[in-house]
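Shown next: protein.cif, containing mmCIF, C-alpha atoms and all ligand atoms.
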data_entry
#
loop_
_atom_site.label_atom_id
_atom_site.label_comp_id
_atom_site.auth_asym_id
_atom_site.auth_seq_id
_atom_site.Cartn_x
_atom_site.Cartn_y
_atom_site.Cartn_z
CA MET W 535 -15.86 5.27 -19.91
CA ASN W 536 -16.28 2.02 -18.12
CA PHE W 537 -18.46 3.08 -15.16
CA ASN W 538 -20.39 0.44 -13.36
CA PRO W 539 -23.69 1.84 -12.02
CA THR W 540 -23.98 -0.86 -9.34
CA PHE W 541 -20.95 0.71 -7.71
CA TYR W 542 -22.95 3.79 -6.83
CA GLN W 543 -25.21 1.69 -4.60
CA LEU W 544 -22.14 0.64 -2.64
CA ARG W 545 -21.76 4.19 -1.40
CA ASP W 546 -24.66 3.62 0.96
CA GLN W 547 -22.69 0.96 2.78
CA PHE W 548 -20.31 3.67 4.01
CA PRO W 549 -21.77 5.62 6.97
CA LEU W 550 -19.70 8.69 6.09
CA PHE W 551 -21.33 9.03 2.69
CA ARG W 552 -24.77 7.86 3.77
CA GLU W 553 -25.07 10.16 6.76
CA LYS W 554 -22.70 13.08 6.34
CA GLY W 555 -23.67 14.69 3.09
CA ASP W 556 -21.88 14.67 -0.15
CA ILE W 557 -18.20 15.00 0.61
CA ALA W 558 -16.13 14.10 -2.44
CA TYR W 559 -13.46 12.02 -0.74
CA LEU W 560 -10.64 11.77 -3.26
CA ASP W 561 -7.77 11.03 -0.86
CA ASN W 562 -7.92 7.25 -1.05
CA ALA W 563 -4.23 6.74 -1.76
CA ALA W 564 -3.62 8.16 1.73
CA SER W 565 -6.36 6.08 3.40
CA THR W 566 -9.79 4.71 2.60
CA GLN W 567 -13.20 4.97 4.28
CA LYS W 568 -14.67 2.04 6.18
CA PRO W 569 -17.84 0.18 5.22
CA GLU W 570 -20.53 -0.85 7.70
CA ALA W 571 -19.47 -4.51 7.36
CA VAL W 572 -16.02 -3.73 8.78
CA ILE W 573 -17.22 -1.35 11.50
CA GLN W 574 -19.93 -3.77 12.66
CA ARG W 575 -17.67 -6.80 12.68
CA MET W 576 -15.06 -5.01 14.77
CA ALA W 577 -17.67 -3.69 17.18
CA GLU W 578 -19.27 -7.12 17.56
CA PHE W 579 -15.90 -8.74 18.20
CA ALA W 580 -14.88 -6.06 20.69
CA ARG W 581 -18.23 -6.35 22.49
CA TYR W 582 -18.68 -10.09 22.79
CA GLU W 583 -15.72 -12.07 21.49
CA TYR W 584 -12.62 -10.25 22.65
CA ALA W 585 -9.72 -11.74 24.62
CA ASN W 586 -5.98 -11.95 24.16
CA VAL W 587 -4.84 -14.59 21.70
CA HIS W 588 -2.62 -17.68 21.77
CA ARG W 589 -1.86 -17.93 25.49
CA GLY W 590 -5.32 -18.36 26.93
CA LEU W 591 -6.81 -21.65 28.02
CA HIS W 592 -10.34 -20.32 28.34
CA ASP W 593 -13.06 -20.35 25.70
CA LEU W 594 -12.98 -16.66 24.92
CA SER W 595 -9.26 -16.71 24.25
CA GLU W 596 -9.59 -19.81 22.11
CA ARG W 597 -12.33 -18.20 20.05
CA ALA W 598 -10.37 -14.95 19.71
CA THR W 599 -7.33 -16.98 18.61
CA ALA W 600 -9.47 -18.78 16.03
CA ALA W 601 -10.73 -15.43 14.69
CA TYR W 602 -7.18 -14.02 14.55
CA GLU W 603 -5.87 -17.08 12.74
CA ALA W 604 -8.89 -17.09 10.40
CA ALA W 605 -7.83 -13.57 9.37
CA ARG W 606 -4.38 -14.94 8.54
CA LYS W 607 -5.91 -17.73 6.43
CA CYS W 608 -8.11 -15.20 4.66
CA ALA W 609 -5.07 -12.99 3.92
CA ALA W 610 -3.21 -15.99 2.49
CA ARG W 611 -6.15 -16.77 0.17
CA TYR W 612 -6.51 -13.08 -0.69
CA ILE W 613 -3.02 -12.88 -2.21
CA ALA W 614 -2.77 -16.56 -3.21
CA ALA W 615 0.05 -17.26 -0.75
CA GLU W 616 1.10 -20.88 -0.54
CA GLN W 617 0.32 -21.20 3.18
CA PRO W 618 -1.10 -19.09 6.05
CA GLU W 619 2.26 -19.31 7.86
CA SER W 620 3.67 -17.08 5.11
CA ILE W 621 1.53 -14.23 6.44
CA VAL W 622 3.01 -12.05 9.19
CA PHE W 623 0.78 -9.43 10.77
CA THR W 624 2.57 -6.10 11.17
CA SER W 625 1.24 -2.63 11.86
CA GLY W 626 1.33 -1.72 8.16
CA THR W 627 3.46 -1.57 5.03
CA THR W 628 6.06 0.65 6.70
CA ALA W 629 6.49 -1.78 9.57
CA ALA W 630 6.64 -4.74 7.17
CA ILE W 631 9.46 -3.18 5.15
CA ASN W 632 11.33 -2.11 8.28
CA LEU W 633 11.03 -5.68 9.55
CA LEU W 634 12.55 -6.96 6.31
CA ALA W 635 15.38 -4.43 6.27
CA ASN W 636 16.23 -5.13 9.90
CA SER W 637 15.87 -8.90 9.82
CA TRP W 638 16.56 -10.20 6.30
CA GLY W 639 18.71 -7.17 5.53
CA GLU W 640 20.88 -7.39 8.64
CA GLN W 641 21.51 -11.04 7.97
CA ASN W 642 22.04 -10.98 4.21
CA VAL W 643 23.47 -7.60 3.19
CA GLN W 644 27.21 -7.17 3.63
CA GLU W 645 29.76 -4.44 2.98
CA GLY W 646 30.13 -3.82 -0.75
CA ASP W 647 26.71 -5.32 -1.64
CA THR W 648 24.03 -3.42 -3.53
CA VAL W 649 20.39 -2.99 -2.60
CA LEU W 650 18.28 -1.98 -5.58
CA ILE W 651 15.08 0.06 -5.42
CA THR W 652 13.51 2.51 -7.89
CA GLU W 653 13.22 6.27 -8.05
CA LEU W 654 9.45 6.12 -7.63
CA GLU W 655 9.37 4.61 -4.15
CA HIS W 656 7.39 5.95 -1.24
CA HIS W 657 9.74 6.93 1.61
CA SER W 658 8.59 3.75 3.38
CA ASN W 659 10.26 1.66 0.70
CA LEU W 660 13.30 3.90 0.48
CA LEU W 661 14.44 4.96 3.94
CA PRO W 662 14.62 1.49 5.55
CA TRP W 663 16.92 0.41 2.67
CA MET W 664 18.92 3.64 2.78
CA GLN W 665 19.55 3.16 6.50
CA LEU W 666 20.42 -0.51 6.01
CA ALA W 667 22.88 0.39 3.23
CA ARG W 668 24.48 3.02 5.49
CA ARG W 669 24.82 0.60 8.40
CA LYS W 670 26.33 -2.09 6.19
CA LYS W 671 28.47 0.14 3.95
CA ALA W 672 26.46 -1.21 1.04
CA THR W 673 25.29 0.75 -2.01
CA LEU W 674 21.69 1.80 -2.56
CA ALA W 675 21.03 1.89 -6.31
CA TYR W 676 17.92 3.18 -8.09
CA VAL W 677 16.18 2.11 -11.28
CA PRO W 678 15.53 5.52 -12.85
CA VAL W 679 12.16 6.90 -13.86
CA ASP W 680 12.19 8.27 -17.38
CA PRO W 681 11.25 11.94 -16.95
CA VAL W 682 9.32 12.00 -20.24
CA SER W 683 7.33 8.75 -20.19
CA GLN W 684 7.32 8.77 -16.34
CA THR W 685 7.64 5.02 -16.31
CA LEU W 686 10.53 2.90 -15.07
CA ASN W 687 13.46 2.74 -17.46
CA MET W 688 13.27 -1.00 -18.14
CA GLU W 689 16.56 -1.11 -19.99
CA ARG W 690 18.34 0.24 -16.91
CA ALA W 691 16.30 -2.11 -14.71
CA ARG W 692 17.62 -5.07 -16.72
CA GLU W 693 21.20 -3.81 -16.51
CA LEU W 694 21.00 -3.14 -12.78
CA ILE W 695 19.38 -6.49 -12.00
CA LYS W 696 22.06 -8.27 -14.07
CA LYS W 697 24.63 -6.87 -11.64
CA LYS W 698 23.06 -9.13 -9.01
CA PRO W 699 22.07 -6.77 -6.19
CA ARG W 700 21.23 -8.60 -2.96
CA LEU W 701 17.65 -7.46 -3.14
CA PHE W 702 15.29 -5.54 -5.42
CA ALA W 703 12.38 -3.69 -3.76
CA PHE W 704 9.78 -1.79 -5.77
CA ALA W 705 6.21 -0.52 -5.66
CA HIS W 706 3.50 -2.40 -7.55
CA VAL W 707 1.59 0.87 -8.05
CA SER W 708 3.28 4.24 -7.59
CA ASN W 709 1.46 6.48 -5.11
CA THR W 710 2.51 9.60 -7.04
CA LEU W 711 2.58 8.63 -10.71
CA GLY W 712 -0.19 6.04 -10.59
CA SER W 713 1.96 3.82 -12.79
CA ILE W 714 1.59 0.05 -12.53
CA GLN W 715 4.99 -1.61 -12.61
CA PRO W 716 5.42 -4.81 -14.64
CA VAL W 717 5.78 -6.91 -11.50
CA GLU W 718 5.89 -10.32 -13.13
CA GLU W 719 8.56 -9.25 -15.60
CA LEU W 720 10.69 -7.55 -12.92
CA CYS W 721 10.41 -10.53 -10.56
CA ALA W 722 11.31 -12.95 -13.37
CA LEU W 723 14.39 -10.90 -14.26
CA ALA W 724 15.42 -10.84 -10.61
CA ARG W 725 14.78 -14.54 -10.09
CA LYS W 726 17.01 -15.38 -13.04
CA GLU W 727 19.89 -13.61 -11.28
CA GLY W 728 19.08 -15.02 -7.85
CA VAL W 729 17.95 -11.59 -6.58
CA ILE W 730 15.37 -11.50 -3.77
CA THR W 731 12.30 -9.36 -4.58
CA VAL W 732 10.14 -7.21 -2.32
CA VAL W 733 6.89 -5.80 -3.70
CA ASP W 734 5.34 -2.80 -1.97
CA ALA W 735 1.65 -3.45 -2.62
CA ALA W 736 0.34 -0.61 -0.42
CA GLN W 737 -1.44 0.98 -3.39
CA SER W 738 -2.54 -2.20 -5.09
CA ALA W 739 -3.64 -4.87 -2.61
CA GLY W 740 -7.06 -3.33 -2.04
CA HIS W 741 -7.47 -2.03 -5.54
CA MET W 742 -6.71 -4.85 -7.97
CA PRO W 743 -6.05 -8.57 -7.95
CA VAL W 744 -2.73 -9.33 -6.26
CA ASN W 745 -1.44 -12.87 -6.60
CA VAL W 746 2.00 -13.52 -5.14
CA SER W 747 2.29 -16.86 -6.93
CA ALA W 748 1.65 -15.27 -10.34
CA MET W 749 3.90 -12.31 -9.50
CA GLY W 750 6.73 -14.60 -8.46
CA CYS W 751 7.90 -12.26 -5.68
CA ASP W 752 9.70 -13.34 -2.51
CA PHE W 753 8.14 -10.77 -0.19
CA LEU W 754 5.15 -8.44 -0.43
CA ALA W 755 3.78 -5.81 1.96
CA PHE W 756 0.48 -3.99 2.30
CA SER W 757 -1.66 -1.95 4.73
CA SER W 758 -5.22 -2.63 5.83
CA HIS W 759 -6.26 1.02 6.13
CA LYS W 760 -5.81 1.56 2.39
CA MET W 761 -8.33 -1.18 1.59
CA CYS W 762 -11.41 -0.43 3.70
CA GLY W 763 -9.87 -2.02 6.81
CA PRO W 764 -8.77 -0.48 10.10
CA THR W 765 -5.50 1.31 10.80
CA GLY W 766 -2.80 -0.39 12.87
CA ILE W 767 -2.52 -3.60 10.87
CA GLY W 768 -0.82 -4.70 7.69
CA ILE W 769 0.79 -7.72 6.20
CA LEU W 770 4.20 -8.98 5.32
CA TYR W 771 4.05 -11.97 3.03
CA GLY W 772 7.23 -14.02 2.62
CA HIS W 773 8.20 -17.35 1.14
CA TYR W 774 8.15 -19.62 4.15
CA GLU W 775 11.66 -20.96 3.62
CA LEU W 776 12.95 -17.38 3.62
CA LEU W 777 10.99 -16.41 6.73
CA LEU W 778 12.27 -19.52 8.45
CA LYS W 779 15.89 -18.40 8.01
CA MET W 780 15.29 -14.83 9.19
CA PRO W 781 16.19 -13.76 12.74
CA PRO W 782 13.62 -11.99 14.90
CA TRP W 783 13.72 -8.22 14.85
CA GLN W 784 11.59 -7.33 17.84
CA TYR W 785 11.59 -9.33 21.04
CA GLY W 786 8.99 -10.00 23.72
CA GLY W 787 6.03 -12.22 24.46
CA GLU W 788 4.41 -14.45 21.84
CA MET W 789 7.57 -14.95 19.78
CA VAL W 790 9.62 -17.19 22.06
CA ASP W 791 9.94 -20.90 22.38
CA ARG W 792 12.01 -21.35 25.55
CA VAL W 793 13.51 -18.60 27.67
CA GLN W 794 16.17 -19.11 30.34
CA PHE W 795 18.15 -16.56 32.35
CA ASP W 796 21.05 -16.93 29.94
CA GLY W 797 19.38 -17.34 26.58
CA ALA W 798 16.28 -18.05 24.53
CA THR W 799 15.04 -19.89 21.47
CA PHE W 800 12.42 -18.39 19.25
CA SER W 801 9.19 -19.59 17.66
CA ASP W 802 8.85 -20.46 14.02
CA PRO W 803 7.35 -17.83 11.71
CA PRO W 804 4.96 -16.15 11.67
CA ALA W 805 4.94 -15.97 15.51
CA ARG W 806 8.69 -15.17 15.50
CA PHE W 807 7.87 -11.80 13.92
CA GLU W 808 4.79 -10.95 15.98
CA ALA W 809 6.27 -9.96 19.34
CA GLY W 810 3.80 -8.67 21.92
CA THR W 811 0.03 -8.59 21.86
CA PRO W 812 -0.91 -8.29 18.19
CA PRO W 813 -3.64 -6.08 16.66
CA ILE W 814 -6.44 -8.58 17.32
CA ILE W 815 -9.56 -6.48 16.73
CA GLU W 816 -7.83 -4.99 13.70
CA ALA W 817 -7.10 -8.45 12.26
CA VAL W 818 -10.80 -9.27 12.51
CA GLY W 819 -11.59 -5.95 10.81
CA LEU W 820 -9.09 -6.63 8.04
CA HIS W 821 -10.70 -10.04 7.51
CA ALA W 822 -14.09 -8.35 7.07
CA ALA W 823 -12.52 -5.81 4.68
CA MET W 824 -11.00 -8.52 2.49
CA ASP W 825 -14.33 -10.36 2.37
CA PHE W 826 -16.07 -7.09 1.50
CA LEU W 827 -13.64 -6.33 -1.35
CA ASP W 828 -13.86 -9.84 -2.72
CA SER W 829 -17.66 -9.74 -2.64
CA ILE W 830 -17.38 -6.82 -5.09
CA GLY W 831 -14.46 -8.27 -7.04
CA ARG W 832 -11.06 -6.61 -7.23
CA GLU W 833 -11.10 -6.71 -11.02
CA ASN W 834 -14.34 -4.65 -10.90
CA ILE W 835 -12.89 -2.24 -8.34
CA ALA W 836 -9.78 -1.73 -10.48
CA GLN W 837 -11.85 -1.00 -13.60
CA HIS W 838 -14.21 1.38 -11.84
CA SER W 839 -11.48 3.38 -10.07
CA ALA W 840 -9.17 3.53 -13.09
CA ALA W 841 -12.05 4.76 -15.29
CA LEU W 842 -12.67 7.60 -12.84
CA ALA W 843 -8.95 8.48 -12.70
CA GLU W 844 -8.75 8.44 -16.48
CA GLU W 845 -11.80 10.68 -16.78
CA ALA W 846 -10.23 13.09 -14.28
CA ALA W 847 -6.92 13.03 -16.16
CA GLU W 848 -8.67 13.69 -19.47
CA GLY W 849 -10.56 16.64 -17.99
CA LEU W 850 -7.49 18.07 -16.27
CA ARG W 851 -5.42 17.79 -19.45
CA LYS W 852 -7.82 20.23 -21.12
CA ILE W 853 -7.13 22.91 -18.50
CA LYS W 854 -4.46 25.37 -19.60
CA GLY W 855 -1.38 25.70 -17.41
CA LEU W 856 -1.95 22.40 -15.67
CA ARG W 857 0.62 19.61 -15.68
CA ILE W 858 -0.30 16.00 -15.04
CA PHE W 859 2.20 13.43 -13.76
CA GLY W 860 2.29 9.75 -14.56
CA PRO W 861 2.25 7.62 -17.68
CA ALA W 862 0.22 8.58 -20.74
CA SER W 863 -1.75 5.32 -20.51
CA GLY W 864 -2.20 2.44 -18.11
CA ARG W 865 -2.75 4.69 -15.10
CA ALA W 866 -4.08 2.95 -11.99
CA ASP W 867 -6.57 4.97 -9.96
CA LEU W 868 -4.94 8.29 -9.14
CA VAL W 869 -3.94 11.53 -10.82
CA THR W 870 -1.25 13.86 -9.53
CA PHE W 871 -1.06 17.35 -11.03
CA GLU W 872 0.20 20.87 -10.54
CA VAL W 873 -1.32 24.14 -11.65
CA GLU W 874 1.05 26.80 -12.87
CA GLY W 875 1.23 29.71 -10.43
CA ILE W 876 -0.94 28.11 -7.73
CA HIS W 877 0.67 26.34 -4.81
CA ALA W 878 -0.76 22.85 -4.27
CA HIS W 879 -1.64 23.71 -0.65
CA ASP W 880 -3.66 26.74 -1.77
CA LEU W 881 -5.45 24.68 -4.40
CA VAL W 882 -6.29 21.88 -1.98
CA PHE W 883 -7.54 24.37 0.66
CA PHE W 884 -9.77 25.87 -2.01
CA LEU W 885 -11.09 22.45 -3.04
CA ASN W 886 -11.71 21.61 0.61
CA SER W 887 -13.97 24.66 0.89
CA HIS W 888 -16.00 23.03 -1.91
CA GLY W 889 -16.28 19.74 -0.01
CA ILE W 890 -13.60 17.99 -2.07
CA ALA W 891 -10.78 16.19 -0.24
CA LEU W 892 -7.46 15.88 -2.06
CA ARG W 893 -3.87 15.54 -0.89
CA ALA W 894 -1.17 18.15 -1.49
CA GLY W 895 2.55 17.96 -0.98
CA HIS W 896 5.37 15.62 -1.93
CA HIS W 897 3.31 12.44 -1.31
CA CYS W 898 6.23 10.90 0.62
CA ALA W 899 8.23 10.65 -2.59
CA GLN W 900 10.45 13.72 -2.26
CA PRO W 901 13.37 12.64 -4.48
CA LEU W 902 11.06 11.68 -7.37
CA MET W 903 8.97 14.83 -7.20
CA ARG W 904 12.11 16.96 -7.02
CA LYS W 905 13.48 15.16 -10.07
CA LEU W 906 10.23 15.90 -11.92
CA GLY W 907 10.52 19.54 -10.90
CA ALA W 908 7.42 19.60 -8.72
CA PRO W 909 8.30 19.52 -5.02
CA SER W 910 4.62 20.07 -4.27
CA SER W 911 1.61 18.82 -6.23
CA SER W 912 -2.05 17.83 -5.76
CA ARG W 913 -3.31 14.27 -5.94
CA ALA W 914 -6.82 12.97 -6.58
CA SER W 915 -7.12 9.26 -5.84
CA PHE W 916 -10.25 7.21 -6.50
CA TYR W 917 -11.83 4.12 -5.04
CA LEU W 918 -14.88 1.94 -5.27
CA TYR W 919 -17.29 4.47 -3.71
CA ASN W 920 -16.31 7.43 -5.91
CA THR W 921 -18.55 8.60 -8.69
CA HIS W 922 -18.52 10.19 -12.10
CA GLN W 923 -20.28 13.23 -10.55
CA GLU W 924 -17.38 13.67 -8.15
CA VAL W 925 -14.96 13.82 -11.07
CA GLU W 926 -17.11 16.55 -12.61
CA ARG W 927 -17.18 18.43 -9.31
CA LEU W 928 -13.41 18.20 -9.08
CA LEU W 929 -12.89 19.53 -12.61
CA GLU W 930 -15.34 22.36 -12.08
CA ALA W 931 -13.75 23.33 -8.75
CA VAL W 932 -10.21 23.28 -10.23
CA ARG W 933 -11.40 25.62 -13.01
CA GLU W 934 -12.99 27.89 -10.40
CA ALA W 935 -9.79 27.87 -8.32
CA ILE W 936 -7.77 28.96 -11.32
CA THR W 937 -10.13 31.87 -11.97
CA PHE W 938 -10.07 32.77 -8.27
CA PHE W 939 -6.30 32.71 -7.82
CA ARG W 940 -5.51 34.35 -11.13
CA SER W 941 -7.99 37.19 -10.86
N1 LIG H 1001 4.14 2.42 0.10
C1 LIG H 1001 3.31 3.13 -0.67
C2 LIG H 1001 3.39 2.99 -2.15
C3 LIG H 1001 2.37 3.98 -0.09
O1 LIG H 1001 1.55 4.70 -0.86
C4 LIG H 1001 2.31 4.07 1.32
C5 LIG H 1001 1.37 4.99 1.97
O2 LIG H 1001 0.91 5.95 1.40
C6 LIG H 1001 3.19 3.29 2.07
C7 LIG H 1001 4.09 2.48 1.44
C8 LIG H 1001 3.18 3.32 3.56
O3 LIG H 1001 2.01 2.76 4.06
P1 LIG H 1001 1.66 2.83 5.61
O4 LIG H 1001 1.75 4.28 5.99
O5 LIG H 1001 0.29 2.29 5.70
O6 LIG H 1001 2.66 2.01 6.31
#
Can you present the structure in this file as structure tokens?
Ligand code: PLP
Amino acid sequence: MNFNPTFYQLRDQFPLFREKGDIAYLDNAASTQKPEAVIQRMAEFARYEYANVHRGLHDLSERATAAYEAARKCAARYIAAEQPESIVFTSGTTAAINLLANSWGEQNVQEGDTVLITELEHHSNLLPWMQLARRKKATLAYVPVDPVSQTLNMERARELIKKKPRLFAFAHVSNTLGSIQPVEELCALARKEGVITVVDAAQSAGHMPVNVSAMGCDFLAFSSHKMCGPTGIGILYGHYELLLKMPPWQYGGEMVDRVQFDGATFSDPPARFEAGTPPIIEAVGLHAAMDFLDSIGRENIAQHSAALAEEAAEGLRKIKGLRIFGPASGRADLVTFEVEGIHAHDLVFFLNSHGIALRAGHHCAQPLMRKLGAPSSSRASFYLYNTHQEVERLLEAVREAITFFRS
């Protein structure tokens, strides 16, 4: 196993782990813990540097604006976007995808068109497209997941992309299967047919290198809270020429150019898509989180977390009556499983009583989990502060739960 001992020292930088005992927090796909660097930076900004951004003529507002825009520049560097103006701050991945469906989608999807997604999408990358397709009398098509290999059926993906859907939206890393989709290949196939691509990077942006230029995608979305940053902020990346053609979706202050009683003109992106007072303190926190992750190295984080997930998967596979979801190899950093005869909620309650935090349920991917015959399952998801000992604790507690519930 490829464990990196220096990672265990990082744990101390998280107040929760340093001060509140030895909780095994294995619910990182839902949200991640916050390091001191992020908490302190947000507190310092809120205490001494805070003001509203963009409209102020006083020093505090100018400095706050500079900090907000520095976060945008940092985000652009973080995903290798061509320019900071390609970065739109939203409240998270869900909001970013809804923005796309309601702005780009309203403008570009017509009756009879097809919007293509995959069967492994989180509801956030499914429902906005389903609703758009309904409104427009368009078709929502799905690249199937092979029930045996539990990876995308690439042959079907090629066929469906060849039919030239208006748009193809898919997750970089599946939040249920832990599979890593071949983003570059999928985007290249789509580009060849003139299909616009949207990558849902909610489970990858904080966990592995994400480079929009190398991926070749048109849009990409992610959430700060899944990468050591605060809640309430996320990012929509878009090719600037595409953003420039998109109409606003939400209206209000900050996004207008000139307003008259009988009409208005709107700002250029990204301001056009940031109506109202934005999440300023959160942007500063996200900036600190990106710096924190890059000081460790996303390649290192990916290796560490995937090694833990693989160790957990290996251990779980040895337990009789337990089924693991996801691909046989190339798993990212999570393991979803079900134990025969024990409801996932009961199992996760039991684990909680042992100080181990997991998620149970459908993981916001109901159609996929129904297709795989497991409407409810348990998910252990790992991150940079998790340890080999926590994997052992998890395995031991699952074995104990089985004895407990079956006796
Ligand atoms: N997409 C994926 C793959 C996710 O795992 C999640 C959250 O779990 C989301 C989208 C939605 O993210 P948020 O709730 O931060 O908007």
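Remark: for ligand LIG 1001 (chain H), the closest of the candidate residues W:Gln574, W:Gln737, W:Asn636, W:Asn642 is W:Gln737 (distances computed over all atoms listed in the file).
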Looking at W:Ala614, W:Ala585, W:Leu661, W:Leu701, which one is nearest to ligand LIG 1001 (chain H), with distances taken over only C-alpha atoms and all ligand atoms? W:Leu661
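Each of W:Ala629, W:Val733, W:Val649, W:Val682 was checked against Phe704 in chain W using only C-alpha atoms; the smallest atom-to-atom distance is that of W:Val733.
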Nearby residues (only C-alpha atoms) at most 8 Å from range 751-768 of chain W, same-chain spacing under 3 positions excluded, as a ChimeraX atom specification: /W:562-569,572,623-627,630-631,718,721,730-737,739-741,746-747,771-773,813,816-817,819-820,822-824,827
Restricting the output to C-alpha atoms, write the selected residues as a compact mmCIF listing (two decimals), keeping the file's coordinate frame.
# COMPACT_ATOMS: atom_id res chain seq x y z
CA ASN W 562 -7.92 7.25 -1.05
CA ALA W 563 -4.23 6.74 -1.76
CA ALA W 564 -3.62 8.16 1.73
CA SER W 565 -6.36 6.08 3.40
CA THR W 566 -9.79 4.71 2.60
CA GLN W 567 -13.20 4.97 4.28
CA LYS W 568 -14.67 2.04 6.18
CA PRO W 569 -17.84 0.18 5.22
CA VAL W 572 -16.02 -3.73 8.78
CA PHE W 623 0.78 -9.43 10.77
CA THR W 624 2.57 -6.10 11.17
CA SER W 625 1.24 -2.63 11.86
CA GLY W 626 1.33 -1.72 8.16
CA THR W 627 3.46 -1.57 5.03
CA ALA W 630 6.64 -4.74 7.17
CA ILE W 631 9.46 -3.18 5.15
CA GLU W 718 5.89 -10.32 -13.13
CA CYS W 721 10.41 -10.53 -10.56
CA ILE W 730 15.37 -11.50 -3.77
CA THR W 731 12.30 -9.36 -4.58
CA VAL W 732 10.14 -7.21 -2.32
CA VAL W 733 6.89 -5.80 -3.70
CA ASP W 734 5.34 -2.80 -1.97
CA ALA W 735 1.65 -3.45 -2.62
CA ALA W 736 0.34 -0.61 -0.42
CA GLN W 737 -1.44 0.98 -3.39
CA ALA W 739 -3.64 -4.87 -2.61
CA GLY W 740 -7.06 -3.33 -2.04
CA HIS W 741 -7.47 -2.03 -5.54
CA VAL W 746 2.00 -13.52 -5.14
CA SER W 747 2.29 -16.86 -6.93
CA TYR W 771 4.05 -11.97 3.03
CA GLY W 772 7.23 -14.02 2.62
CA HIS W 773 8.20 -17.35 1.14
CA PRO W 813 -3.64 -6.08 16.66
CA GLU W 816 -7.83 -4.99 13.70
CA ALA W 817 -7.10 -8.45 12.26
CA GLY W 819 -11.59 -5.95 10.81
CA LEU W 820 -9.09 -6.63 8.04
CA ALA W 822 -14.09 -8.35 7.07
CA ALA W 823 -12.52 -5.81 4.68
CA MET W 824 -11.00 -8.52 2.49
CA LEU W 827 -13.64 -6.33 -1.35
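Minimum atom-to-atom distance to ligand LIG 1001 (chain H), evaluated using all atoms listed in the file, belongs to W:Gly712 out of W:Pro804, W:Gly712, W:Pro681, W:Gly787.
Restricting the calculation to all atoms listed in the file, the smallest distance between Gly728 in chain W and any of W:Gly849, W:Pro716, W:Pro699, W:Gly895 is found for W:Pro699.
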12 Å contact set for Phe938 in chain W, only C-alpha atoms, chain neighbours under 3 positions out, as an MDAnalysis selection string: chainID W and resid 875:876 880:881 884:885 931:935 941
Distance query range 538-547 of chain W at most 10 Å, all atoms listed in the file, self and fewer than 3 positions along chain excluded, as JSON, numbers by chain: {"W": [535, 550, 551, 552, 553, 568, 569, 570, 571, 830, 834, 835, 837, 838, 839, 841, 918, 919, 920, 921, 922]}
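When CA of Ala604 in chain W is paired with CA of Val622 in chain W, their separation reads 13.0 Å.
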Give me, please, the distance in Å between CA of Gln923 in chain W and atom C6 of ligand LIG 1001 (chain H), quoted to one decimal. 28.4 Å
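When all atoms listed in the file are used to compute distances to ligand LIG 1001 (chain H), the closest of the residues W:Pro678, W:Pro909, W:Pro662, W:Pro812 turns out to be W:Pro662.
Reported to one decimal place, the separation of CA of Thr710 in chain W from CA of Val869 in chain W is 7.7 Å.
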